[in-house]
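For reference, the structure discussed in these notes is given below.
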Amino acid sequence: MVTDISVSQHSDIPIYRQIVTQLTLMIEMGHLRDGERLPGSRLLADNLGINRNTVAHAYSELRQRGLVEARGRNGMVVTGGERARSASAVRDRAREVLGSATRECLDLGLAPAEIQELVTRFVAGEGDGSPEVSFVECNADRAAYFAAELSRHVGIRVRPLVLGEFDPAEERPDLVLTTFFHLAEVRGLLRRPATDVIAIVVAPHVQTLLQIAQVPKNRTVGLWYSTEDQAASIRDSLTQAGVTTTEVLTGTADEDLRGVDLVVVPSEMPGLRERLEGRVRVIEFGNVLDAASIRMVSDVVRDLRVSAPRRARTP
């Protein structure tokens with residue numbers, strides 16, 4: 001039966017979580033019963049063509065949920081089947097209750113997205129087991145901006161962290177979010193058995209792309225960003241739009257702007273625009289969270305709410 005497990009390397013969902021979800025479903029449906037032995041991590045990893053540590057991570061998650069136990073030479077054995085099926089029945093009843101409430105909300109004229117946001121905010125306010133989530137970036141303004149955006153979309157507080165300004169040994173979040181640009185570095189700092197590290201997509205706002213497309217190709221564009229990495233990323237976006245004459249600025253004084261036709265600044269630092277306006281044309285490079293990334297984060301947070309131990313509320 002466990003041989004029915006399959007994983008996708010191209011999914012936004014981490015592979016270990018795909019395994020956890022499928023095995024949990026098999027246990028809840030009674031396809032795997034108490035006392036049955038799961039295949040060894042090496043065997044399952046070989047069958048799926050993945051790293052053994054990924055399977056070990058999945059088994060560790062199942063053990064934390066109380067669904068399996070490690071029994072020496074017998075390996076990993078299912079132990080929480082009856083309890084899981086009871087919990088599944090409770091969730092089925094909960095779905096009925098939510099279904100009735102959702103239909104009533106729709107009759108009141110609320111859109112599906114509004115209902116989802118209301119439910120998320122209600123759970124965030126009423127529950128006492130909300131997971132701890134952090135967003136990591138290399139710039140304080142970007143970290144604060146996107147953490148606030150994620151908090152608004154997901155319905156729980158997302159704490160901003162700035163690379164180089166926190167002690168990784170003291171951080172114990174359940175979920176860490178970052179951009180693909182910093183994924184490897186952040187995983188090296190914060191990846192632990194109990195912590196998911198996931199990259200989200202941050203894309204240029206369509207209005208930003210429209211403004212860039214209108215920049216004459218013979219103009220010199222200045223870039224004012226607090227880190228070289230961010231400036232390089234924006235330079236790449238301009239190059240793709242056909243703008244090849246760019247200059248990374250180190251200041252905003254008149255001598256820094258000499259020969260520059262317009263300046264691109266990050267939208268999350270509005271004070272920069274005010275300092276430059278009247279002296280040079282300014283384009284604010286706005287970014288938005290990818291919709292698929294928001295859905296993925298919402299799904300992972302929902303899974304963490306179900307699986308994480310309940311935490312005591314602090315006043």
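All residue names refer to the structure tokens as shown: chains lettered A, B, ... in order, residues numbered from 1 in each chain, ligands numbered from 1 in order.
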
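When the distance limit is 10 Å and only C-alpha atoms are what count, the residues near Leu276 in chain A, minus those fewer than 3 positions from it on the same chain, are Thr252, Ala253, Asp254, Leu257, Leu262, Val263, Val265, Gly271, Leu272, Arg273, Arg279, Val280, Arg281 and Val282 of chain A.
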
Would you write out, as a Markdown table, a table of all residues in range 108-181 of chain A that have an atom no more than 12 Å from an atom of range 187-190 of chain A, listing for each the closest atom pair and the distance in Å to one decimal, considering only C-alpha atoms and ordering rows by chain and rising residue number?
| residue | atom | partner | partner_atom | distance |
| --- | --- | --- | --- | --- |
| A:Ser134 | CA | A:Leu190 | CA | 10.7 |
| A:Phe135 | CA | A:Leu190 | CA | 11.6 |
| A:Val136 | CA | A:Leu190 | CA | 10.3 |
| A:Leu161 | CA | A:Leu190 | CA | 11.6 |
| A:Leu163 | CA | A:Leu189 | CA | 9.6 |
| A:Gly164 | CA | A:Leu189 | CA | 10.4 |
| A:Phe166 | CA | A:Leu189 | CA | 10.4 |
| A:Asp167 | CA | A:Leu189 | CA | 9.2 |
| A:Pro168 | CA | A:Leu189 | CA | 6.0 |
| A:Ala169 | CA | A:Leu190 | CA | 8.1 |
| A:Glu170 | CA | A:Leu190 | CA | 9.9 |
| A:Glu171 | CA | A:Leu190 | CA | 7.6 |
| A:Arg172 | CA | A:Leu190 | CA | 8.2 |
| A:Pro173 | CA | A:Leu190 | CA | 8.8 |
| A:Asp174 | CA | A:Leu190 | CA | 10.3 |
| A:Leu175 | CA | A:Leu190 | CA | 9.7 |
| A:Val176 | CA | A:Leu190 | CA | 7.9 |
| A:Leu177 | CA | A:Arg187 | CA | 9.9 |
| A:Thr178 | CA | A:Arg187 | CA | 9.5 |
| A:Thr179 | CA | A:Arg187 | CA | 11.3 |
| A:Phe180 | CA | A:Arg187 | CA | 10.8 |
| A:Phe181 | CA | A:Arg187 | CA | 11.6 |

*Rank nothing, just name the residue among A:Leu23, A:Ala194, A:Val260, A:Val77 nearest to Gly222 in chain A, using only C-alpha atoms.*
A:Val260

Fewer than 4 positions away in the same chain doesn't count, so skip those; otherwise give me all residues within 10 Å of Ser41 in chain A, counting only C-alpha atoms, as a PDB file with N, CA and C atoms, in the first residue's frame.
ATOM      1  N   ALA A  45      13.028   5.933   0.105  1.00  0.00           N
ATOM      2  CA  ALA A  45      13.761   6.971  -0.631  1.00  0.00           C
ATOM      3  C   ALA A  45      14.230   6.443  -1.984  1.00  0.00           C
ATOM      4  N   ASP A  46      14.738   5.219  -1.999  1.00  0.00           N
ATOM      5  CA  ASP A  46      15.194   4.620  -3.263  1.00  0.00           C
ATOM      6  C   ASP A  46      14.026   4.450  -4.234  1.00  0.00           C
ATOM      7  N   ASN A  47      12.867   4.019  -3.702  1.00  0.00           N
ATOM      8  CA  ASN A  47      11.707   3.811  -4.572  1.00  0.00           C
ATOM      9  C   ASN A  47      11.202   5.118  -5.173  1.00  0.00           C
ATOM     10  N   ASN A  51      16.205  11.889  -1.578  1.00  0.00           N
ATOM     11  CA  ASN A  51      17.197  11.745  -0.525  1.00  0.00           C
ATOM     12  C   ASN A  51      16.587  11.051   0.690  1.00  0.00           C
ATOM     13  N   ARG A  52      17.369  10.185   1.317  1.00  0.00           N
ATOM     14  CA  ARG A  52      16.893   9.456   2.493  1.00  0.00           C
ATOM     15  C   ARG A  52      16.503  10.405   3.619  1.00  0.00           C
ATOM     16  N   ASN A  53      17.218  11.508   3.770  1.00  0.00           N
ATOM     17  CA  ASN A  53      16.915  12.461   4.833  1.00  0.00           C
ATOM     18  C   ASN A  53      15.521  13.060   4.690  1.00  0.00           C
ATOM     19  N   THR A  54      15.045  13.163   3.435  1.00  0.00           N
ATOM     20  CA  THR A  54      13.707  13.691   3.200  1.00  0.00           C
ATOM     21  C   THR A  54      12.651  12.759   3.785  1.00  0.00           C
ATOM     22  N   VAL A  55      12.846  11.451   3.585  1.00  0.00           N
ATOM     23  CA  VAL A  55      11.911  10.474   4.155  1.00  0.00           C
ATOM     24  C   VAL A  55      12.001  10.488   5.679  1.00  0.00           C
ATOM     25  N   ALA A  56      13.222  10.585   6.194  1.00  0.00           N
ATOM     26  CA  ALA A  56      13.401  10.633   7.646  1.00  0.00           C
ATOM     27  C   ALA A  56      12.687  11.850   8.233  1.00  0.00           C
ATOM     28  N   HIS A  57      12.743  12.979   7.526  1.00  0.00           N
ATOM     29  CA  HIS A  57      12.042  14.189   7.970  1.00  0.00           C
ATOM     30  C   HIS A  57      10.537  13.934   8.009  1.00  0.00           C
ATOM     31  N   ALA A  58      10.013  13.268   6.965  1.00  0.00           N
ATOM     32  CA  ALA A  58       8.575  12.970   6.922  1.00  0.00           C
ATOM     33  C   ALA A  58       8.181  12.049   8.071  1.00  0.00           C
ATOM     34  N   TYR A  59       8.979  11.016   8.329  1.00  0.00           N
ATOM     35  CA  TYR A  59       8.673  10.087   9.420  1.00  0.00           C
ATOM     36  C   TYR A  59       8.722  10.810  10.774  1.00  0.00           C
ATOM     37  N   GLY A  75      11.506  -1.030  13.054  1.00  0.00           N
ATOM     38  CA  GLY A  75      11.395   0.209  12.300  1.00  0.00           C
ATOM     39  C   GLY A  75      10.234   1.068  12.747  1.00  0.00           C
ATOM     40  N   MET A  76       9.651   1.789  11.802  1.00  0.00           N
ATOM     41  CA  MET A  76       8.562   2.717  12.094  1.00  0.00           C
ATOM     42  C   MET A  76       7.229   1.997  11.952  1.00  0.00           C
TER      43      MET A  76
END

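DSSP secondary structure from the backbone places A:Leu183, A:Ala184, A:Glu185, A:Val186, A:Arg187, A:Gly188, A:Leu189, A:Leu190, A:Val206, A:Gln207, A:Thr208, A:Leu209, A:Leu210, A:Gln211, A:Ile212, A:Ala213 of range 165-215 of chain A in alpha helix (DSSP H).
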
Only N, CA, C and O atoms, please: the residues just picked out, written as an mmCIF file, in the first residue's frame.
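result_27.cif was written with the following content:
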data_model
loop_
_atom_site.group_PDB
_atom_site.id
_atom_site.type_symbol
_atom_site.label_atom_id
_atom_site.label_comp_id
_atom_site.auth_asym_id
_atom_site.auth_seq_id
_atom_site.Cartn_x
_atom_site.Cartn_y
_atom_site.Cartn_z
ATOM 1 N N LEU A 183 17.315 31.835 -0.727
ATOM 2 C CA LEU A 183 16.864 30.549 -0.196
ATOM 3 C C LEU A 183 18.007 29.700 0.345
ATOM 4 O O LEU A 183 17.937 29.184 1.474
ATOM 5 N N ALA A 184 19.069 29.532 -0.435
ATOM 6 C CA ALA A 184 20.175 28.675 0.000
ATOM 7 C C ALA A 184 20.806 29.193 1.289
ATOM 8 O O ALA A 184 21.089 28.426 2.213
ATOM 9 N N GLU A 185 21.020 30.508 1.364
ATOM 10 C CA GLU A 185 21.640 31.090 2.554
ATOM 11 C C GLU A 185 20.753 30.917 3.782
ATOM 12 O O GLU A 185 21.229 30.548 4.872
ATOM 13 N N VAL A 186 19.465 31.173 3.621
ATOM 14 C CA VAL A 186 18.547 31.076 4.756
ATOM 15 C C VAL A 186 18.406 29.629 5.217
ATOM 16 O O VAL A 186 18.360 29.350 6.417
ATOM 17 N N ARG A 187 18.358 28.699 4.272
ATOM 18 C CA ARG A 187 18.288 27.287 4.658
ATOM 19 C C ARG A 187 19.536 26.876 5.437
ATOM 20 O O ARG A 187 19.452 26.110 6.395
ATOM 21 N N GLY A 188 20.661 27.390 5.032
ATOM 22 C CA GLY A 188 21.886 27.075 5.755
ATOM 23 C C GLY A 188 21.877 27.598 7.174
ATOM 24 O O GLY A 188 22.468 27.003 8.075
ATOM 25 N N LEU A 189 21.165 28.709 7.392
ATOM 26 C CA LEU A 189 21.129 29.323 8.715
ATOM 27 C C LEU A 189 20.047 28.740 9.612
ATOM 28 O O LEU A 189 20.253 28.562 10.815
ATOM 29 N N LEU A 190 18.867 28.442 9.031
ATOM 30 C CA LEU A 190 17.696 28.171 9.860
ATOM 31 C C LEU A 190 17.036 26.817 9.621
ATOM 32 O O LEU A 190 16.048 26.514 10.278
ATOM 33 N N VAL A 206 2.839 45.285 -12.195
ATOM 34 C CA VAL A 206 2.611 45.536 -13.618
ATOM 35 C C VAL A 206 2.799 47.014 -13.952
ATOM 36 O O VAL A 206 3.296 47.355 -15.039
ATOM 37 N N GLN A 207 2.439 47.911 -13.049
ATOM 38 C CA GLN A 207 2.634 49.343 -13.323
ATOM 39 C C GLN A 207 4.116 49.685 -13.420
ATOM 40 O O GLN A 207 4.518 50.541 -14.212
ATOM 41 N N THR A 208 4.929 49.003 -12.616
ATOM 42 C CA THR A 208 6.375 49.208 -12.702
ATOM 43 C C THR A 208 6.889 48.777 -14.070
ATOM 44 O O THR A 208 7.686 49.473 -14.704
ATOM 45 N N LEU A 209 6.442 47.612 -14.534
ATOM 46 C CA LEU A 209 6.889 47.113 -15.842
ATOM 47 C C LEU A 209 6.462 48.051 -16.964
ATOM 48 O O LEU A 209 7.219 48.267 -17.919
ATOM 49 N N LEU A 210 5.261 48.606 -16.857
ATOM 50 C CA LEU A 210 4.786 49.537 -17.884
ATOM 51 C C LEU A 210 5.655 50.795 -17.913
ATOM 52 O O LEU A 210 5.998 51.305 -18.988
ATOM 53 N N GLN A 211 6.023 51.307 -16.740
ATOM 54 C CA GLN A 211 6.878 52.498 -16.687
ATOM 55 C C GLN A 211 8.257 52.216 -17.279
ATOM 56 O O GLN A 211 8.805 53.025 -18.029
ATOM 57 N N ILE A 212 8.813 51.046 -16.951
ATOM 58 C CA ILE A 212 10.137 50.688 -17.463
ATOM 59 C C ILE A 212 10.102 50.530 -18.977
ATOM 60 O O ILE A 212 11.030 50.931 -19.688
ATOM 61 N N ALA A 213 9.008 49.956 -19.491
ATOM 62 C CA ALA A 213 8.894 49.746 -20.937
ATOM 63 C C ALA A 213 8.871 51.065 -21.699
ATOM 64 O O ALA A 213 9.221 51.115 -22.887
#

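Scanning range 62-152 of chain A with DSSP on the backbone, the strand (DSSP E or B) assignments fall on Val68, Glu69, Ala70, Met76, Val77, Val78, Val133, Ser134, Phe135, Val136 and Glu137 of chain A.
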
Selection from above, N, CA, C and O atoms, as an mmCIF file, in the first residue's frame, can you write it?
data_model
loop_
_atom_site.group_PDB
_atom_site.id
_atom_site.type_symbol
_atom_site.label_atom_id
_atom_site.label_comp_id
_atom_site.auth_asym_id
_atom_site.auth_seq_id
_atom_site.Cartn_x
_atom_site.Cartn_y
_atom_site.Cartn_z
ATOM 1 N N VAL A 68 2.848 7.419 14.266
ATOM 2 C CA VAL A 68 3.768 6.289 14.169
ATOM 3 C C VAL A 68 4.728 6.324 15.345
ATOM 4 O O VAL A 68 4.870 7.352 16.022
ATOM 5 N N GLU A 69 5.381 5.184 15.579
ATOM 6 C CA GLU A 69 6.415 5.088 16.610
ATOM 7 C C GLU A 69 7.601 4.321 16.048
ATOM 8 O O GLU A 69 7.439 3.434 15.208
ATOM 9 N N ALA A 70 8.796 4.664 16.536
ATOM 10 C CA ALA A 70 10.001 3.919 16.174
ATOM 11 C C ALA A 70 10.156 2.767 17.168
ATOM 12 O O ALA A 70 10.231 2.999 18.379
ATOM 13 N N MET A 76 9.651 1.789 11.802
ATOM 14 C CA MET A 76 8.562 2.717 12.094
ATOM 15 C C MET A 76 7.229 1.997 11.952
ATOM 16 O O MET A 76 6.918 1.416 10.901
ATOM 17 N N VAL A 77 6.417 2.018 13.029
ATOM 18 C CA VAL A 77 5.170 1.265 13.075
ATOM 19 C C VAL A 77 4.000 2.214 13.309
ATOM 20 O O VAL A 77 4.093 3.161 14.108
ATOM 21 N N VAL A 78 2.892 1.974 12.614
ATOM 22 C CA VAL A 78 1.683 2.780 12.782
ATOM 23 C C VAL A 78 1.082 2.506 14.158
ATOM 24 O O VAL A 78 0.894 1.351 14.549
ATOM 25 N N VAL A 133 5.889 32.303 12.372
ATOM 26 C CA VAL A 133 6.327 32.456 10.985
ATOM 27 C C VAL A 133 7.224 33.683 10.874
ATOM 28 O O VAL A 133 6.919 34.737 11.433
ATOM 29 N N SER A 134 8.328 33.550 10.141
ATOM 30 C CA SER A 134 9.249 34.665 9.908
ATOM 31 C C SER A 134 9.496 34.833 8.415
ATOM 32 O O SER A 134 9.426 33.864 7.656
ATOM 33 N N PHE A 135 9.756 36.076 8.009
ATOM 34 C CA PHE A 135 10.164 36.360 6.637
ATOM 35 C C PHE A 135 11.557 36.977 6.678
ATOM 36 O O PHE A 135 11.790 37.944 7.407
ATOM 37 N N VAL A 136 12.482 36.421 5.900
ATOM 38 C CA VAL A 136 13.882 36.844 5.948
ATOM 39 C C VAL A 136 14.264 37.548 4.647
ATOM 40 O O VAL A 136 14.001 37.034 3.549
ATOM 41 N N GLU A 137 14.864 38.706 4.773
ATOM 42 C CA GLU A 137 15.380 39.457 3.620
ATOM 43 C C GLU A 137 16.693 40.110 4.019
ATOM 44 O O GLU A 137 17.081 40.113 5.195
#

*Select, from A:Ser8, A:Thr21, A:Thr227, A:Ser233, the residue with the minimum atom-to-atom distance to Ala140 in chain A, counting only C-alpha atoms.*
A:Thr227

_Counting only C-alpha atoms, which residue out of A:Gly251, A:Pro131, A:Pro266, A:Pro216 sits closest to Gln230 in chain A?_
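Distance minimum relative to Gln230 in chain A lands on A:Pro266.
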
*asked:* Ranking A:Ala101, A:Ala148, A:Leu223, A:Leu67 by minimum distance to Leu32 in chain A and counting only C-alpha atoms, which one comes first?
replied: A:Leu67

_9 Å contact set for range 9-14 of chain A, only C-alpha atoms, chain neighbours under 6 positions out, as a list in words_ =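 After dropping sequence-adjacent residues, the list is Asp196, Ile198, Ala292, Ser293, Met296 and Val300 of chain A.
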